[in-house]
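K.L.:
Got my_file_14.cif for you, mmCIF, C-alpha atoms and all ligand atoms:
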data_run
#
loop_
_atom_site.label_atom_id
_atom_site.label_comp_id
_atom_site.auth_asym_id
_atom_site.auth_seq_id
_atom_site.Cartn_x
_atom_site.Cartn_y
_atom_site.Cartn_z
CA MET U 102 0.00 0.00 0.00
CA THR U 103 1.11 3.58 -0.55
CA GLY U 104 2.10 5.97 2.23
CA LYS U 105 -1.15 7.91 1.78
CA THR U 106 -3.21 4.77 2.26
CA HIS U 107 -1.24 3.92 5.39
CA LEU U 108 -1.75 7.44 6.78
CA ILE U 109 -5.50 7.19 6.25
CA GLY U 110 -5.43 3.61 7.56
CA GLY U 111 -3.73 4.68 10.79
CA LEU U 112 -6.19 7.53 11.27
CA THR U 113 -9.12 5.21 10.56
CA ALA U 114 -7.85 2.62 13.05
CA GLY U 115 -7.31 5.32 15.66
CA ILE U 116 -10.70 6.99 15.32
CA ALA U 117 -12.42 3.59 15.22
CA ALA U 118 -10.58 2.61 18.43
CA GLN U 119 -11.73 5.85 20.06
CA TYR U 120 -15.30 5.32 18.94
CA PHE U 121 -15.71 1.64 19.78
CA ALA U 122 -13.52 1.59 22.90
CA ASP U 123 -14.85 4.99 24.03
CA TYR U 124 -11.25 6.11 24.48
CA HIS U 125 -10.94 9.88 24.65
CA ALA U 126 -7.75 10.57 26.58
CA GLN U 127 -5.53 12.98 24.67
CA ASP U 128 -7.64 12.66 21.51
CA LEU U 129 -5.45 14.54 19.06
CA LEU U 130 -2.18 13.16 20.41
CA PHE U 131 -3.60 9.63 20.19
CA LEU U 132 -4.79 10.11 16.60
CA ALA U 133 -1.48 11.69 15.59
CA SER U 134 0.33 8.70 17.13
CA CYS U 135 -1.87 6.26 15.21
CA THR U 136 -1.20 8.11 11.97
CA ALA U 137 2.55 8.32 12.58
CA GLY U 138 2.71 4.69 13.74
CA ALA U 139 1.14 3.61 10.47
CA LEU U 140 4.27 4.83 8.66
CA VAL U 141 6.83 3.11 10.92
CA PRO U 142 6.94 -0.40 9.36
CA ASP U 143 8.04 0.98 5.97
CA ILE U 144 11.29 2.23 7.53
CA CYS U 145 12.71 -0.79 5.66
CA HIS U 146 11.90 0.92 2.35
CA GLY U 147 14.22 3.77 1.35
CA GLY U 148 11.58 5.41 -0.87
CA SER U 149 8.90 5.47 1.84
CA LYS U 150 7.91 8.62 3.73
CA ILE U 151 9.78 7.54 6.87
CA GLY U 152 12.62 5.93 4.90
CA ARG U 153 13.37 9.28 3.25
CA LYS U 154 13.43 10.98 6.66
CA LEU U 155 15.80 8.39 8.20
CA PRO U 156 17.86 7.14 5.24
CA VAL U 157 20.75 5.63 7.23
CA LEU U 158 18.48 3.60 9.52
CA SER U 159 16.31 2.63 6.57
CA HIS U 160 19.32 1.41 4.58
CA LEU U 161 20.68 -0.50 7.57
CA ILE U 162 17.38 -2.31 8.19
CA ARG U 163 16.96 -3.14 4.50
CA ILE U 164 20.52 -4.50 4.25
CA LEU U 165 20.20 -6.57 7.44
CA PHE U 166 16.65 -7.86 7.07
CA GLY U 167 15.19 -6.93 3.66
CA HIS U 168 11.88 -5.28 2.85
CA ARG U 169 8.65 -6.31 4.60
CA THR U 170 10.30 -8.69 7.03
CA VAL U 171 11.15 -7.75 10.61
CA THR U 172 9.32 -4.39 10.60
CA HIS U 173 6.16 -6.07 9.33
CA SER U 174 6.06 -8.73 12.05
CA LEU U 175 4.35 -9.38 15.37
CA LEU U 176 7.80 -9.62 16.95
CA PHE U 177 8.51 -6.02 15.89
CA MET U 178 5.23 -4.82 17.40
CA VAL U 179 5.87 -6.60 20.69
CA ALA U 180 9.49 -5.43 20.91
CA LEU U 181 8.62 -1.83 20.05
CA GLY U 182 5.72 -1.91 22.49
CA ALA U 183 8.04 -3.11 25.25
CA ILE U 184 10.61 -0.43 24.42
CA LEU U 185 8.03 2.38 24.27
CA SER U 186 6.38 1.20 27.49
CA SER U 187 9.68 1.53 29.30
CA THR U 188 9.95 5.21 28.31
CA PRO U 189 8.13 8.13 29.94
CA LEU U 190 5.85 8.46 26.88
CA PRO U 191 2.15 8.69 27.78
CA ALA U 192 0.35 5.35 27.36
CA GLY U 193 -1.93 6.91 24.73
CA ILE U 194 1.03 7.62 22.46
CA THR U 195 2.41 4.10 22.82
CA ALA U 196 -1.04 2.62 22.19
CA GLY U 197 -1.53 4.91 19.20
CA ILE U 198 1.78 3.95 17.61
CA LEU U 199 1.02 0.25 18.06
CA ILE U 200 -2.49 0.65 16.63
CA GLY U 201 -1.00 2.49 13.66
CA ILE U 202 1.53 -0.29 13.10
CA ALA U 203 -1.24 -2.90 13.34
CA SER U 204 -3.22 -1.01 10.69
CA HIS U 205 -0.15 -0.97 8.46
CA LEU U 206 0.35 -4.73 8.80
CA LEU U 207 -3.32 -5.39 8.05
CA LEU U 208 -3.26 -3.21 4.93
CA ASP U 209 0.00 -4.70 3.65
CA ALA U 210 -1.42 -8.19 4.25
CA ALA U 211 -4.04 -7.18 1.67
CA THR U 212 -1.37 -6.83 -1.03
CA ALA U 213 -0.17 -9.47 -3.46
CA ARG U 214 3.24 -9.70 -1.73
CA GLY U 215 1.78 -10.18 1.75
CA ILE U 216 3.89 -9.72 4.89
CA ALA U 217 6.24 -11.80 7.03
CA LEU U 218 3.94 -11.51 10.05
CA LEU U 219 5.64 -14.41 11.86
CA TRP U 220 9.21 -13.31 11.06
CA PRO U 221 11.82 -14.82 11.55
CA LEU U 222 9.75 -17.64 10.03
CA ASN U 223 9.92 -17.23 6.28
CA LEU U 224 6.18 -17.45 5.80
CA LYS U 225 4.29 -14.82 3.84
CA ILE U 226 0.83 -14.00 5.18
CA ARG U 227 -1.71 -12.59 2.74
CA LEU U 228 -5.44 -11.94 3.12
CA PRO U 229 -7.79 -13.79 0.77
CA ILE U 230 -8.75 -10.46 -0.82
CA TYR U 231 -5.70 -8.54 -1.96
CA THR U 232 -4.53 -5.94 -4.44
CA HIS U 233 -1.41 -4.49 -6.00
CA THR U 234 0.03 -1.33 -4.47
CA GLY U 235 -1.67 1.68 -6.01
CA GLY U 236 -4.33 -0.48 -7.66
CA LEU U 237 -8.03 0.27 -8.01
CA PHE U 238 -8.94 -1.78 -4.94
CA GLU U 239 -6.49 0.25 -2.85
CA GLN U 240 -8.03 3.50 -4.09
CA ILE U 241 -11.54 2.26 -3.31
CA LEU U 242 -10.38 1.14 0.14
CA MET U 243 -8.76 4.53 0.77
CA ALA U 244 -11.98 6.33 -0.26
CA LEU U 245 -14.01 4.09 2.07
CA MET U 246 -11.64 4.84 4.95
CA VAL U 247 -11.93 8.59 4.32
CA VAL U 248 -15.73 8.29 4.41
CA LEU U 249 -15.53 6.20 7.61
CA VAL U 250 -13.23 8.74 9.30
CA GLY U 251 -15.62 11.52 8.30
CA TYR U 252 -18.68 9.62 9.54
CA ILE U 253 -17.17 8.57 12.88
CA GLY U 254 -15.53 11.97 13.38
CA PHE U 255 -18.88 13.65 12.77
CA GLN U 256 -20.60 11.29 15.23
CA MET U 257 -17.95 11.83 17.90
CA TYR U 258 -17.14 15.50 17.63
CA VAL U 259 -20.10 17.24 16.02
CA VAL U 260 -23.30 15.41 17.00
ZN ZN D 301 4.65 -1.83 4.53
#
Spell out the structure here as structure tokens.
Ligand SMILES: [Zn+2]
P.N.:
Amino acid sequence: MTGKTHLIGGLTAGIAAQYFADYHAQDLLFLASCTAGALVPDICHGGSKIGRKLPVLSHLIRILFGHRTVTHSLLFMVALGAILSSTPLPAGITAGILIGIASHLLLDAATARGIALLWPLNLKIRLPIYTHTGGLFEQILMALMVVLVGYIGFQMYVV
């Protein structure tokens, strides 16, 4: 999926978590964390939004592990969650980043290449319905997420 789709995906996951879990602590910080977290796994890709910001780290991860391996795994989420939990960051930021990462993994699992969710096992996980990055299905999915964010946001903050 493209960076734009992941940004919208992270925001959608965050606002859905707020709506369904009735979580309203630090609303904007939480949503910003979800959106930023959704970009983190593609640090392994030098052309990604985060890869361009941190080229040395991106290159190092790609050389050591390859693309869509360690940073697209459950192990990465657990390890990053443990690291972030041991810092003085507010719990809402840590939760938001992890929710954003989870949204990223779900969206990338809906691509033809799938993800190495169980890395270091060399097993690609792909959803039964999938698309190619930038394809029509991705654009329809992105439009649906924008509508969902608008609908839930309206319900939560306007009504
Ligand atoms: Zn990815």
K.L.:
For Ser149 of chain U, which residue out of U:Met243, U:Ile216, U:Leu108, U:Val248 is the nearest one, using all atoms listed in the file?
P.N.:
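Using all atoms listed in the file, Ser149 of chain U sits closest to U:Leu108.
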K.L.:
Any idea what's packed within 9 Å of Met246 of chain U, counting all atoms listed in the file, ignoring anything in its chain fewer than 6 positions away? Could you give it as a PyMOL selection string?
P.N.:
chain U and resi 106+109-110+112-113
K.L.:
Output the neighbourhood of ligand ZN 301 (chain D) as a list in words, that is, all protein and nucleic acid residues with some atom at most 7 Å from the ligand, counting all atoms listed in the file.
P.N.:
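Checked against 7 Å with all atoms listed in the file; the hits are Met102, Pro142, Asp143, Arg169, His173, His205, Leu206 and Asp209 of chain U.
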K.L.:
Taking all atoms listed in the file into account, which of U:Ile144, U:Leu208, U:Val171, U:Val250 comes nearest Tyr120 of chain U?
P.N.:
U:Val250
K.L.:
Tell me, in Å to one decimal, how far atom CA of Gly251 of chain U is from atom CA of Ala117 of chain U.
P.N.:
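Going from atom CA of Gly251 of chain U over to atom CA of Ala117 of chain U, I get 11.0 Å.
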K.L.:
Using only C-alpha atoms, which of U:Leu249, U:Leu199, U:Leu165, U:Leu242 sits nearest Ala211 of chain U?
P.N.:
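Of U:Leu249, U:Leu199, U:Leu165, U:Leu242, the one nearest Ala211 of chain U, counting only C-alpha atoms, is U:Leu242.
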K.L.:
Near Gly193 of chain U, within 9 Å and counting only C-alpha atoms, which residues show up once chain neighbours fewer than 4 positions away are dropped, as a PyMOL selection string?
P.N.:
chain U and resi 126-128+130-131+134+197-198
K.L.:
Find the residues near Cys145 of chain U: any atom within 6 Å, counting all atoms listed in the file, skip ones fewer than 2 places away on the same chain, and give them as a list in words.
P.N.:
Asp143, Ser159, Ile162, Arg163 and His168 of chain U
